[in-house]
file structure_8.cif (mmCIF, C-alpha atoms)
data_my_file
#
loop_
_atom_site.group_PDB
_atom_site.id
_atom_site.type_symbol
_atom_site.label_atom_id
_atom_site.label_comp_id
_atom_site.auth_asym_id
_atom_site.auth_seq_id
_atom_site.Cartn_x
_atom_site.Cartn_y
_atom_site.Cartn_z
ATOM 1 C CA MET A 1 -5.003 -8.978 -0.742
ATOM 2 C CA VAL A 2 -5.802 -11.872 -3.070
ATOM 3 C CA VAL A 3 -2.251 -11.595 -4.460
ATOM 4 C CA PRO A 4 -0.593 -12.739 -1.197
ATOM 5 C CA LEU A 5 -3.211 -15.464 -0.751
ATOM 6 C CA LEU A 6 -2.531 -16.862 -4.229
ATOM 7 C CA ALA A 7 1.210 -16.728 -3.570
ATOM 8 C CA LEU A 8 0.836 -18.481 -0.222
ATOM 9 C CA CYS A 9 -1.348 -21.208 -1.752
ATOM 10 C CA GLY A 10 1.361 -22.040 -4.286
ATOM 11 C CA HIS A 11 0.004 -20.139 -7.281
ATOM 12 C CA PRO A 12 2.605 -17.468 -8.103
ATOM 13 C CA GLY A 13 1.559 -17.283 -11.773
ATOM 14 C CA PRO A 14 -2.048 -16.342 -10.993
ATOM 15 C CA ALA A 15 -0.804 -13.965 -8.278
ATOM 16 C CA ALA A 16 1.374 -12.136 -10.810
ATOM 17 C CA ALA A 17 -1.498 -12.201 -13.327
ATOM 18 C CA GLN A 18 -3.748 -10.556 -10.734
ATOM 19 C CA VAL A 19 -1.239 -7.708 -10.349
ATOM 20 C CA ASP A 20 -0.992 -7.415 -14.142
ATOM 21 C CA GLY A 21 -4.781 -7.168 -14.440
ATOM 22 C CA HIS A 22 -4.988 -4.405 -11.854
ATOM 23 C CA ARG A 23 -2.068 -2.674 -13.487
ATOM 24 C CA ARG A 24 -3.678 -2.715 -16.963
ATOM 25 C CA ARG A 25 -6.909 -1.242 -15.632
ATOM 26 C CA LEU A 26 -5.853 1.082 -12.836
ATOM 27 C CA TYR A 27 -2.206 2.073 -13.190
ATOM 28 C CA ASP A 28 -1.358 5.573 -14.424
ATOM 29 C CA GLU A 29 2.110 5.474 -16.019
ATOM 30 C CA ARG A 30 2.497 9.268 -15.840
ATOM 31 C CA SER A 31 2.051 9.565 -12.098
ATOM 32 C CA GLY A 32 3.196 6.076 -11.098
ATOM 33 C CA LEU A 33 -0.006 5.759 -9.058
ATOM 34 C CA TYR A 34 -3.135 3.631 -9.167
ATOM 35 C CA ALA A 35 -6.672 4.891 -9.671
ATOM 36 C CA ALA A 36 -9.176 3.979 -6.978
ATOM 37 C CA ARG A 37 -11.675 1.753 -8.758
ATOM 38 C CA TRP A 38 -12.523 0.062 -12.060
ATOM 39 C CA ASP A 39 -16.106 -0.596 -13.190
ATOM 40 C CA ALA A 40 -16.032 -4.031 -14.874
ATOM 41 C CA ASP A 41 -19.594 -3.706 -16.217
ATOM 42 C CA ARG A 42 -18.789 -0.460 -18.018
ATOM 43 C CA ALA A 43 -15.133 -1.345 -18.712
ATOM 44 C CA ARG A 44 -13.867 2.012 -17.463
ATOM 45 C CA LEU A 45 -12.491 3.757 -14.414
ATOM 46 C CA ASP A 46 -15.235 4.434 -11.911
ATOM 47 C CA HIS A 47 -13.028 6.517 -9.584
ATOM 48 C CA PRO A 48 -9.883 7.761 -11.327
ATOM 49 C CA GLN A 49 -8.573 9.491 -8.195
ATOM 50 C CA HIS A 50 -5.255 8.264 -6.806
ATOM 51 C CA TRP A 51 -6.662 6.999 -3.514
ATOM 52 C CA GLY A 52 -3.843 6.671 -1.005
ATOM 53 C CA THR A 53 -5.078 3.523 0.702
ATOM 54 C CA GLY A 54 -5.593 1.819 -2.665
ATOM 55 C CA ASN A 55 -1.982 2.527 -3.576
ATOM 56 C CA GLY A 56 -0.956 1.302 -0.146
ATOM 57 C CA TRP A 57 -2.795 -1.981 -0.793
ATOM 58 C CA VAL A 58 -0.901 -2.451 -4.053
ATOM 59 C CA VAL A 59 2.529 -1.957 -2.493
ATOM 60 C CA ALA A 60 1.743 -3.833 0.724
ATOM 61 C CA GLY A 61 0.048 -6.674 -1.149
ATOM 62 C CA ILE A 62 3.077 -7.189 -3.364
ATOM 63 C CA ALA A 63 5.425 -6.976 -0.364
ATOM 64 C CA ARG A 64 3.397 -9.569 1.501
ATOM 65 C CA ALA A 65 3.219 -11.888 -1.520
ATOM 66 C CA LEU A 66 6.982 -11.691 -1.993
ATOM 67 C CA ARG A 67 7.503 -12.425 1.699
ATOM 68 C CA LEU A 68 5.118 -15.386 1.769
ATOM 69 C CA ARG A 69 6.545 -17.070 -1.321
ATOM 70 C CA PRO A 70 10.324 -16.836 -1.717
ATOM 71 C CA ASP A 71 10.489 -19.160 -4.768
ATOM 72 C CA TRP A 72 8.857 -17.221 -7.612
ATOM 73 C CA PRO A 73 9.390 -18.272 -11.223
ATOM 74 C CA PRO A 74 12.378 -16.575 -12.874
ATOM 75 C CA GLY A 75 11.836 -12.873 -13.419
ATOM 76 C CA GLN A 76 8.475 -12.601 -11.627
ATOM 77 C CA ARG A 77 9.890 -11.701 -8.226
ATOM 78 C CA GLU A 78 12.088 -8.999 -9.757
ATOM 79 C CA GLU A 79 9.196 -7.624 -11.825
ATOM 80 C CA LEU A 80 6.868 -7.441 -8.844
ATOM 81 C CA ALA A 81 9.527 -5.965 -6.562
ATOM 82 C CA GLY A 82 10.430 -3.343 -9.174
ATOM 83 C CA HIS A 83 6.797 -2.362 -9.624
ATOM 84 C CA ALA A 84 6.252 -2.125 -5.861
ATOM 85 C CA ARG A 85 9.281 0.159 -5.586
ATOM 86 C CA THR A 86 8.015 2.359 -8.422
ATOM 87 C CA VAL A 87 4.610 2.810 -6.789
ATOM 88 C CA LEU A 88 6.176 3.317 -3.347
ATOM 89 C CA ASP A 89 8.443 6.043 -4.722
ATOM 90 C CA ALA A 90 5.519 7.705 -6.536
ATOM 91 C CA CYS A 91 3.515 7.750 -3.300
ATOM 92 C CA LEU A 92 6.420 9.226 -1.364
ATOM 93 C CA THR A 93 6.464 12.292 -3.628
ATOM 94 C CA HIS A 94 3.091 13.212 -2.094
ATOM 95 C CA ARG A 95 4.169 12.888 1.521
ATOM 96 C CA ARG A 96 3.265 15.854 3.697
ATOM 97 C CA PRO A 97 5.785 17.573 6.010
ATOM 98 C CA ASP A 98 4.192 15.775 8.997
ATOM 99 C CA GLY A 99 4.978 12.422 7.353
ATOM 100 C CA LEU A 100 1.364 11.611 6.489
ATOM 101 C CA PHE A 101 -0.585 11.703 3.214
ATOM 102 C CA HIS A 102 -3.867 13.000 1.918
ATOM 103 C CA ASP A 103 -6.652 10.487 1.340
ATOM 104 C CA VAL A 104 -6.290 11.211 -2.379
ATOM 105 C CA LEU A 105 -2.535 11.393 -2.698
ATOM 106 C CA ASP A 106 -2.388 14.256 -5.190
ATOM 107 C CA ASP A 107 -5.390 16.193 -3.835
ATOM 108 C CA PRO A 108 -4.404 18.445 -0.913
ATOM 109 C CA GLY A 109 -8.106 19.243 -0.461
ATOM 110 C CA SER A 110 -8.804 15.687 0.685
ATOM 111 C CA PHE A 111 -8.498 14.801 4.350
ATOM 112 C CA VAL A 112 -5.208 13.785 5.989
ATOM 113 C CA GLU A 113 -4.895 10.052 6.464
ATOM 114 C CA ALA A 114 -2.466 7.903 8.500
ATOM 115 C CA ASN A 115 -2.986 4.398 7.120
ATOM 116 C CA VAL A 116 -1.141 5.084 3.874
ATOM 117 C CA ALA A 117 1.987 5.902 5.880
ATOM 118 C CA GLN A 118 1.903 2.643 7.805
ATOM 119 C CA MET A 119 1.046 0.565 4.708
ATOM 120 C CA LEU A 120 4.036 2.052 2.918
ATOM 121 C CA ALA A 121 6.144 1.589 6.073
ATOM 122 C CA TYR A 122 5.210 -2.096 6.107
ATOM 123 C CA ALA A 123 6.192 -2.460 2.446
ATOM 124 C CA ALA A 124 9.453 -0.527 2.766
ATOM 125 C CA LEU A 125 10.567 -2.380 5.885
ATOM 126 C CA THR A 126 9.533 -5.747 4.452
ATOM 127 C CA GLY A 127 11.430 -4.971 1.245
ATOM 128 C CA VAL A 128 14.572 -4.165 3.236
ATOM 129 C CA ALA A 129 14.228 -7.235 5.468
ATOM 130 C CA ASP A 130 13.679 -9.502 2.464
ATOM 131 C CA GLY A 131 16.386 -7.915 0.326
ATOM 132 C CA TRP A 132 14.404 -6.493 -2.584
ATOM 133 C CA LEU A 133 14.750 -2.873 -1.458
ATOM 134 C CA PRO A 134 18.011 -1.093 -0.637
ATOM 135 C CA ALA A 135 18.884 -0.515 3.026
ATOM 136 C CA ALA A 136 18.128 3.216 2.653
ATOM 137 C CA TYR A 137 14.418 2.371 2.694
ATOM 138 C CA ARG A 138 14.812 1.271 6.324
ATOM 139 C CA ASP A 139 14.933 4.921 7.404
ATOM 140 C CA VAL A 140 12.001 5.755 5.128
ATOM 141 C CA GLY A 141 9.970 2.943 6.675
ATOM 142 C CA ARG A 142 10.875 4.007 10.214
ATOM 143 C CA ASP A 143 9.900 7.617 9.509
ATOM 144 C CA LEU A 144 6.591 6.585 7.943
ATOM 145 C CA LEU A 145 5.764 4.347 10.886
ATOM 146 C CA ALA A 146 6.707 7.061 13.387
ATOM 147 C CA ALA A 147 4.356 9.489 11.636
ATOM 148 C CA ALA A 148 1.502 6.984 11.858
ATOM 149 C CA THR A 149 2.305 6.126 15.475
ATOM 150 C CA ARG A 150 1.889 9.792 16.412
ATOM 151 C CA GLN A 151 -1.750 9.348 15.334
ATOM 152 C CA VAL A 152 -2.567 6.567 17.813
ATOM 153 C CA ASP A 153 -5.197 7.832 20.234
ATOM 154 C CA ARG A 154 -5.564 7.051 23.956
ATOM 155 C CA HIS A 155 -7.641 3.967 23.087
ATOM 156 C CA GLY A 156 -4.914 2.558 20.834
ATOM 157 C CA LEU A 157 -6.705 3.367 17.574
ATOM 158 C CA VAL A 158 -4.846 4.811 14.609
ATOM 159 C CA ARG A 159 -6.784 7.814 13.386
ATOM 160 C CA PRO A 160 -7.583 9.535 11.199
ATOM 161 C CA VAL A 161 -7.627 6.849 8.554
ATOM 162 C CA SER A 162 -9.943 6.257 5.649
ATOM 163 C CA GLY A 163 -12.788 5.009 7.816
ATOM 164 C CA ALA A 164 -14.794 1.817 7.553
ATOM 165 C CA PRO A 165 -17.288 0.858 6.292
ATOM 166 C CA ASP A 166 -17.361 3.065 3.174
ATOM 167 C CA PHE A 167 -13.848 4.611 3.357
ATOM 168 C CA THR A 168 -15.040 8.044 2.221
ATOM 169 C CA ARG A 169 -14.312 10.043 5.361
ATOM 170 C CA PRO A 170 -11.846 10.059 8.240
ATOM 171 C CA GLY A 171 -12.436 7.505 10.960
ATOM 172 C CA THR A 172 -11.055 4.109 11.972
ATOM 173 C CA SER A 173 -10.815 0.737 10.274
ATOM 174 C CA PRO A 174 -9.727 -2.790 11.148
ATOM 175 C CA GLU A 175 -7.296 -2.621 8.228
ATOM 176 C CA ALA A 176 -5.531 0.379 9.733
ATOM 177 C CA GLN A 177 -5.168 -1.360 13.070
ATOM 178 C CA ALA A 178 -3.781 -4.467 11.355
ATOM 179 C CA PHE A 179 -1.283 -2.501 9.272
ATOM 180 C CA HIS A 180 0.021 -0.766 12.366
ATOM 181 C CA LEU A 181 0.907 -4.166 13.840
ATOM 182 C CA LEU A 182 2.248 -5.492 10.523
ATOM 183 C CA ALA A 183 4.492 -2.444 10.142
ATOM 184 C CA TYR A 184 5.939 -2.905 13.631
ATOM 185 C CA ALA A 185 6.601 -6.578 12.908
ATOM 186 C CA ALA A 186 8.368 -5.571 9.689
ATOM 187 C CA LEU A 187 10.414 -3.006 11.643
ATOM 188 C CA ARG A 188 11.685 -5.792 13.909
ATOM 189 C CA ARG A 189 12.703 -7.868 10.890
ATOM 190 C CA ALA A 190 14.384 -4.933 9.136
ATOM 191 C CA GLY A 191 16.389 -3.975 12.215
#

call {"tool": "encode", "arguments": {"input": "structure_8.cif", "output": "structure tokens"}}
result
Amino acid sequence: MVVPLLALCGHPGPAAAQVDGHRRRLYDERSGLYAARWDADRARLDHPQHWGTGNGWVVAGIARALRLRPDWPPGQREELAGHARTVLDACLTHRRPDGLFHDVLDDPGSFVEANVAQMLAYAALTGVADGWLPAAYRDVGRDLLAAATRQVDRHGLVRPVSGAPDFTRPGTSPEAQAFHLLAYAALRRAG
């Protein structure tokens, strides 16, 4: 989420450079998805799996940065919006019939996870509200958010999500709770 912070603080160039750096190290052109983690000391992928929440962070982070800073230098806004749409669409190809995703998007053996759906819902609805995604994504965002909402338990927690603190098994996380609220706020803006 450093990308939105840089954008908000008036540094769109470094924000775009941050996305470019992640893209060079983690982005898989063939699948349109991001790997989970890069090891800077070894200069190689540490976890090449296409972790759903990691891809959600990419799309949601770009959406939030675009929302927080409407005046990007020429071409940067379009580049970031186009990349967010590409990753969003790649994620959607791995959506399960129940509207959710696996923790590792392309690994049906990994556990089912709800946060990816609401992160992508936030991005889709924000993109529609802010005009960088076509109106058809409104229905996609609504459906994704509805799937996640069906996972809210009697205590108001969204679960199962990639659980804090190590995000290796199903559980709960503050991030998942926050994205549920962010997605509903984006739904109000998108109409």

call {"tool": "residues_around", "arguments": {"input": "structure_8.cif", "residues": "A:Val59", "least_positions_apart": "3", "cutoff": "12 Å", "atoms": "all atoms listed in the file", "output": "compact mmCIF listing (two decimals) with C-alpha atoms, keeping the file's coordinate frame"}}
result
# COMPACT_ATOMS: atom_id res chain seq x y z
CA MET A 1 -5.00 -8.98 -0.74
CA VAL A 3 -2.25 -11.60 -4.46
CA PRO A 4 -0.59 -12.74 -1.20
CA VAL A 19 -1.24 -7.71 -10.35
CA ARG A 23 -2.07 -2.67 -13.49
CA GLY A 32 3.20 6.08 -11.10
CA LEU A 33 -0.01 5.76 -9.06
CA TYR A 34 -3.14 3.63 -9.17
CA GLY A 52 -3.84 6.67 -1.00
CA THR A 53 -5.08 3.52 0.70
CA GLY A 54 -5.59 1.82 -2.66
CA ASN A 55 -1.98 2.53 -3.58
CA GLY A 56 -0.96 1.30 -0.15
CA ILE A 62 3.08 -7.19 -3.36
CA ALA A 63 5.42 -6.98 -0.36
CA ARG A 64 3.40 -9.57 1.50
CA ALA A 65 3.22 -11.89 -1.52
CA LEU A 66 6.98 -11.69 -1.99
CA LEU A 80 6.87 -7.44 -8.84
CA ALA A 81 9.53 -5.96 -6.56
CA GLY A 82 10.43 -3.34 -9.17
CA HIS A 83 6.80 -2.36 -9.62
CA ALA A 84 6.25 -2.12 -5.86
CA ARG A 85 9.28 0.16 -5.59
CA THR A 86 8.02 2.36 -8.42
CA VAL A 87 4.61 2.81 -6.79
CA LEU A 88 6.18 3.32 -3.35
CA ASP A 89 8.44 6.04 -4.72
CA ALA A 90 5.52 7.70 -6.54
CA CYS A 91 3.52 7.75 -3.30
CA LEU A 92 6.42 9.23 -1.36
CA VAL A 116 -1.14 5.08 3.87
CA ALA A 117 1.99 5.90 5.88
CA GLN A 118 1.90 2.64 7.80
CA MET A 119 1.05 0.56 4.71
CA LEU A 120 4.04 2.05 2.92
CA ALA A 121 6.14 1.59 6.07
CA TYR A 122 5.21 -2.10 6.11
CA ALA A 123 6.19 -2.46 2.45
CA ALA A 124 9.45 -0.53 2.77
CA LEU A 125 10.57 -2.38 5.88
CA THR A 126 9.53 -5.75 4.45
CA GLY A 127 11.43 -4.97 1.25

call {"tool": "closest_residue", "arguments": {"input": "structure_8.cif", "among": "A:Gly171, A:Trp72, A:Arg95, A:Asp41", "to": "A:Pro14", "atoms": "all atoms listed in the file"}}
result
A:Trp72

call {"tool": "closest_residue", "arguments": {"input": "structure_8.cif", "among": "A:Asp143, A:Glu78, A:Asp130, A:Asp28", "to": "A:Pro97", "atoms": "only C-alpha atoms"}}
result
A:Asp143

call {"tool": "closest_residue", "arguments": {"input": "structure_8.cif", "among": "A:Ala43, A:Leu5, A:Ala114, A:Ala16", "to": "A:Gln151", "atoms": "all atoms listed in the file"}}
result
A:Ala114

call {"tool": "resolve_selection", "arguments": {"input": "structure_8.cif", "expression": "the PyMOL selection byres ((chain A and resi 139) around 12)", "output": "PyMOL selection string"}}
result
chain A and resi 121+124-125+128+133-138+140-146+187+190-191

call {"tool": "atom_distance", "arguments": {"input": "structure_8.cif", "atom1": "atom CA of A:Ala60", "atom2": "atom CA of A:Arg154"}}
result
26.7 Å

call {"tool": "atom_distance", "arguments": {"input": "structure_8.cif", "atom1": "atom CA of A:Ala183", "atom2": "atom CA of A:Pro74"}}
result
28.1 Å

call {"tool": "atom_distance", "arguments": {"input": "structure_8.cif", "atom1": "atom CA of A:Ala35", "atom2": "atom CA of A:Glu175"}}
result
19.4 Å

call {"tool": "resolve_selection", "arguments": {"input": "structure_8.cif", "expression": "the PyMOL selection byres ((chain A and resi 169) around 10)", "output": "PyMOL selection string"}}
result
chain A and resi 103+110-113+160-168+170-172

call {"tool": "axis_aligned_box", "arguments": {"input": "structure_8.cif", "around": "stretch 102-110 of chain A", "padding_each_side": "3 Å", "output": "JSON"}}
result
{"center_x": -5.6, "center_y": 14.9, "center_z": -1.6, "size_x": 12.4, "size_y": 14.8, "size_z": 13.1}

call {"tool": "closest_residue", "arguments": {"input": "structure_8.cif", "among": "A:Ala147, A:Gln177, A:Arg188, A:Ala15", "to": "A:Gly61", "atoms": "all atoms listed in the file"}}
result
A:Ala15

call {"tool": "closest_residue", "arguments": {"input": "structure_8.cif", "among": "A:Ala17, A:Ala7, A:Leu182, A:Ala148", "to": "A:Asp98", "atoms": "only C-alpha atoms"}}
result
A:Ala148

call {"tool": "decode", "arguments": {"input": "structure_8.cif", "residues": "stretch 25-38 of chain A", "atoms": "all heavy atoms", "output": "PDB file, in the first residue's frame"}}
result
ATOM      1  N   ARG A  25       9.759  -7.609 -11.045  1.00  0.00           N
ATOM      2  CA  ARG A  25      10.201  -8.740 -10.235  1.00  0.00           C
ATOM      3  C   ARG A  25       9.145  -9.837 -10.061  1.00  0.00           C
ATOM      4  O   ARG A  25       9.489 -11.010  -9.955  1.00  0.00           O
ATOM      5  CB  ARG A  25      10.630  -8.236  -8.858  1.00  0.00           C
ATOM      6  CG  ARG A  25      11.917  -7.440  -8.911  1.00  0.00           C
ATOM      7  CD  ARG A  25      12.185  -6.731  -7.594  1.00  0.00           C
ATOM      8  NE  ARG A  25      13.380  -5.916  -7.655  1.00  0.00           N
ATOM      9  CZ  ARG A  25      13.414  -4.672  -8.135  1.00  0.00           C
ATOM     10  NH1 ARG A  25      12.325  -4.101  -8.615  1.00  0.00           N
ATOM     11  NH2 ARG A  25      14.538  -3.991  -8.143  1.00  0.00           N
ATOM     12  N   LEU A  26       7.894  -9.464 -10.025  1.00  0.00           N
ATOM     13  CA  LEU A  26       6.862 -10.416  -9.624  1.00  0.00           C
ATOM     14  C   LEU A  26       5.831 -10.776 -10.695  1.00  0.00           C
ATOM     15  O   LEU A  26       5.136 -11.775 -10.553  1.00  0.00           O
ATOM     16  CB  LEU A  26       6.107  -9.863  -8.401  1.00  0.00           C
ATOM     17  CG  LEU A  26       6.933  -9.625  -7.147  1.00  0.00           C
ATOM     18  CD1 LEU A  26       6.101  -8.888  -6.095  1.00  0.00           C
ATOM     19  CD2 LEU A  26       7.460 -10.928  -6.587  1.00  0.00           C
ATOM     20  N   TYR A  27       5.709  -9.961 -11.715  1.00  0.00           N
ATOM     21  CA  TYR A  27       4.620 -10.144 -12.674  1.00  0.00           C
ATOM     22  C   TYR A  27       4.939 -11.238 -13.684  1.00  0.00           C
ATOM     23  O   TYR A  27       6.016 -11.268 -14.280  1.00  0.00           O
ATOM     24  CB  TYR A  27       4.341  -8.834 -13.397  1.00  0.00           C
ATOM     25  CG  TYR A  27       3.137  -8.867 -14.311  1.00  0.00           C
ATOM     26  CD1 TYR A  27       1.864  -9.119 -13.818  1.00  0.00           C
ATOM     27  CD2 TYR A  27       3.277  -8.649 -15.673  1.00  0.00           C
ATOM     28  CE1 TYR A  27       0.766  -9.143 -14.650  1.00  0.00           C
ATOM     29  CE2 TYR A  27       2.183  -8.662 -16.521  1.00  0.00           C
ATOM     30  CZ  TYR A  27       0.933  -8.914 -15.997  1.00  0.00           C
ATOM     31  OH  TYR A  27      -0.161  -8.942 -16.827  1.00  0.00           O
ATOM     32  N   ASP A  28       3.992 -12.124 -13.894  1.00  0.00           N
ATOM     33  CA  ASP A  28       4.095 -13.220 -14.856  1.00  0.00           C
ATOM     34  C   ASP A  28       3.232 -12.858 -16.074  1.00  0.00           C
ATOM     35  O   ASP A  28       1.998 -12.910 -15.995  1.00  0.00           O
ATOM     36  CB  ASP A  28       3.607 -14.508 -14.189  1.00  0.00           C
ATOM     37  CG  ASP A  28       3.555 -15.696 -15.117  1.00  0.00           C
ATOM     38  OD1 ASP A  28       4.037 -15.612 -16.268  1.00  0.00           O
ATOM     39  OD2 ASP A  28       3.005 -16.733 -14.695  1.00  0.00           O
ATOM     40  N   GLU A  29       3.878 -12.479 -17.151  1.00  0.00           N
ATOM     41  CA  GLU A  29       3.172 -12.052 -18.373  1.00  0.00           C
ATOM     42  C   GLU A  29       2.226 -13.135 -18.905  1.00  0.00           C
ATOM     43  O   GLU A  29       1.155 -12.829 -19.413  1.00  0.00           O
ATOM     44  CB  GLU A  29       4.178 -11.680 -19.472  1.00  0.00           C
ATOM     45  CG  GLU A  29       4.966 -10.443 -19.206  1.00  0.00           C
ATOM     46  CD  GLU A  29       4.217  -9.164 -19.530  1.00  0.00           C
ATOM     47  OE1 GLU A  29       3.196  -9.212 -20.241  1.00  0.00           O
ATOM     48  OE2 GLU A  29       4.667  -8.113 -19.050  1.00  0.00           O
ATOM     49  N   ARG A  30       2.632 -14.393 -18.802  1.00  0.00           N
ATOM     50  CA  ARG A  30       1.802 -15.480 -19.345  1.00  0.00           C
ATOM     51  C   ARG A  30       0.451 -15.592 -18.653  1.00  0.00           C
ATOM     52  O   ARG A  30      -0.571 -15.752 -19.297  1.00  0.00           O
ATOM     53  CB  ARG A  30       2.533 -16.831 -19.264  1.00  0.00           C
ATOM     54  CG  ARG A  30       3.699 -16.963 -20.228  1.00  0.00           C
ATOM     55  CD  ARG A  30       4.411 -18.307 -20.114  1.00  0.00           C
ATOM     56  NE  ARG A  30       4.878 -18.553 -18.755  1.00  0.00           N
ATOM     57  CZ  ARG A  30       4.461 -19.547 -17.974  1.00  0.00           C
ATOM     58  NH1 ARG A  30       3.579 -20.411 -18.415  1.00  0.00           N
ATOM     59  NH2 ARG A  30       4.933 -19.693 -16.756  1.00  0.00           N
ATOM     60  N   SER A  31       0.466 -15.526 -17.344  1.00  0.00           N
ATOM     61  CA  SER A  31      -0.782 -15.703 -16.595  1.00  0.00           C
ATOM     62  C   SER A  31      -1.492 -14.383 -16.317  1.00  0.00           C
ATOM     63  O   SER A  31      -2.679 -14.377 -16.023  1.00  0.00           O
ATOM     64  CB  SER A  31      -0.487 -16.400 -15.261  1.00  0.00           C
ATOM     65  OG  SER A  31       0.269 -15.541 -14.424  1.00  0.00           O
ATOM     66  N   GLY A  32      -0.749 -13.273 -16.370  1.00  0.00           N
ATOM     67  CA  GLY A  32      -1.311 -11.982 -15.995  1.00  0.00           C
ATOM     68  C   GLY A  32      -1.395 -11.791 -14.494  1.00  0.00           C
ATOM     69  O   GLY A  32      -2.040 -10.870 -14.015  1.00  0.00           O
ATOM     70  N   LEU A  33      -0.714 -12.663 -13.738  1.00  0.00           N
ATOM     71  CA  LEU A  33      -0.773 -12.644 -12.281  1.00  0.00           C
ATOM     72  C   LEU A  33       0.598 -12.359 -11.676  1.00  0.00           C
ATOM     73  O   LEU A  33       1.624 -12.521 -12.327  1.00  0.00           O
ATOM     74  CB  LEU A  33      -1.278 -13.997 -11.762  1.00  0.00           C
ATOM     75  CG  LEU A  33      -2.669 -14.411 -12.227  1.00  0.00           C
ATOM     76  CD1 LEU A  33      -2.953 -15.851 -11.828  1.00  0.00           C
ATOM     77  CD2 LEU A  33      -3.729 -13.467 -11.668  1.00  0.00           C
ATOM     78  N   TYR A  34       0.574 -11.977 -10.420  1.00  0.00           N
ATOM     79  CA  TYR A  34       1.793 -11.698  -9.664  1.00  0.00           C
ATOM     80  C   TYR A  34       2.179 -12.890  -8.802  1.00  0.00           C
ATOM     81  O   TYR A  34       1.318 -13.553  -8.225  1.00  0.00           O
ATOM     82  CB  TYR A  34       1.585 -10.486  -8.749  1.00  0.00           C
ATOM     83  CG  TYR A  34       1.787  -9.176  -9.448  1.00  0.00           C
ATOM     84  CD1 TYR A  34       0.830  -8.680 -10.321  1.00  0.00           C
ATOM     85  CD2 TYR A  34       2.942  -8.438  -9.253  1.00  0.00           C
ATOM     86  CE1 TYR A  34       1.018  -7.476 -10.975  1.00  0.00           C
ATOM     87  CE2 TYR A  34       3.141  -7.228  -9.908  1.00  0.00           C
ATOM     88  CZ  TYR A  34       2.177  -6.756 -10.762  1.00  0.00           C
ATOM     89  OH  TYR A  34       2.365  -5.572 -11.413  1.00  0.00           O
ATOM     90  N   ALA A  35       3.484 -13.120  -8.695  1.00  0.00           N
ATOM     91  CA  ALA A  35       4.012 -14.098  -7.749  1.00  0.00           C
ATOM     92  C   ALA A  35       3.879 -13.511  -6.342  1.00  0.00           C
ATOM     93  O   ALA A  35       3.686 -12.305  -6.176  1.00  0.00           O
ATOM     94  CB  ALA A  35       5.473 -14.404  -8.066  1.00  0.00           C
ATOM     95  N   ALA A  36       4.028 -14.359  -5.348  1.00  0.00           N
ATOM     96  CA  ALA A  36       3.791 -13.930  -3.970  1.00  0.00           C
ATOM     97  C   ALA A  36       4.921 -13.086  -3.389  1.00  0.00           C
ATOM     98  O   ALA A  36       4.658 -12.087  -2.738  1.00  0.00           O
ATOM     99  CB  ALA A  36       3.558 -15.150  -3.077  1.00  0.00           C
ATOM    100  N   ARG A  37       6.183 -13.483  -3.616  1.00  0.00           N
ATOM    101  CA  ARG A  37       7.238 -12.773  -2.896  1.00  0.00           C
ATOM    102  C   ARG A  37       8.578 -12.882  -3.618  1.00  0.00           C
ATOM    103  O   ARG A  37       8.938 -13.920  -4.156  1.00  0.00           O
ATOM    104  CB  ARG A  37       7.355 -13.345  -1.489  1.00  0.00           C
ATOM    105  CG  ARG A  37       8.148 -12.510  -0.549  1.00  0.00           C
ATOM    106  CD  ARG A  37       8.004 -12.937   0.890  1.00  0.00           C
ATOM    107  NE  ARG A  37       8.457 -14.307   1.084  1.00  0.00           N
ATOM    108  CZ  ARG A  37       7.909 -15.155   1.943  1.00  0.00           C
ATOM    109  NH1 ARG A  37       6.893 -14.780   2.691  1.00  0.00           N
ATOM    110  NH2 ARG A  37       8.371 -16.370   2.062  1.00  0.00           N
ATOM    111  N   TRP A  38       9.322 -11.775  -3.558  1.00  0.00           N
ATOM    112  CA  TRP A  38      10.658 -11.650  -4.129  1.00  0.00           C
ATOM    113  C   TRP A  38      11.675 -11.608  -2.996  1.00  0.00           C
ATOM    114  O   TRP A  38      11.478 -10.924  -1.992  1.00  0.00           O
ATOM    115  CB  TRP A  38      10.729 -10.364  -4.945  1.00  0.00           C
ATOM    116  CG  TRP A  38      12.075 -10.042  -5.509  1.00  0.00           C
ATOM    117  CD1 TRP A  38      13.011  -9.216  -4.967  1.00  0.00           C
ATOM    118  CD2 TRP A  38      12.625 -10.527  -6.725  1.00  0.00           C
ATOM    119  NE1 TRP A  38      14.108  -9.149  -5.772  1.00  0.00           N
ATOM    120  CE2 TRP A  38      13.907  -9.957  -6.869  1.00  0.00           C
ATOM    121  CE3 TRP A  38      12.167 -11.391  -7.705  1.00  0.00           C
ATOM    122  CZ2 TRP A  38      14.733 -10.217  -7.951  1.00  0.00           C
ATOM    123  CZ3 TRP A  38      12.988 -11.650  -8.789  1.00  0.00           C
ATOM    124  CH2 TRP A  38      14.247 -11.071  -8.910  1.00  0.00           C
TER     125      TRP A  38
END
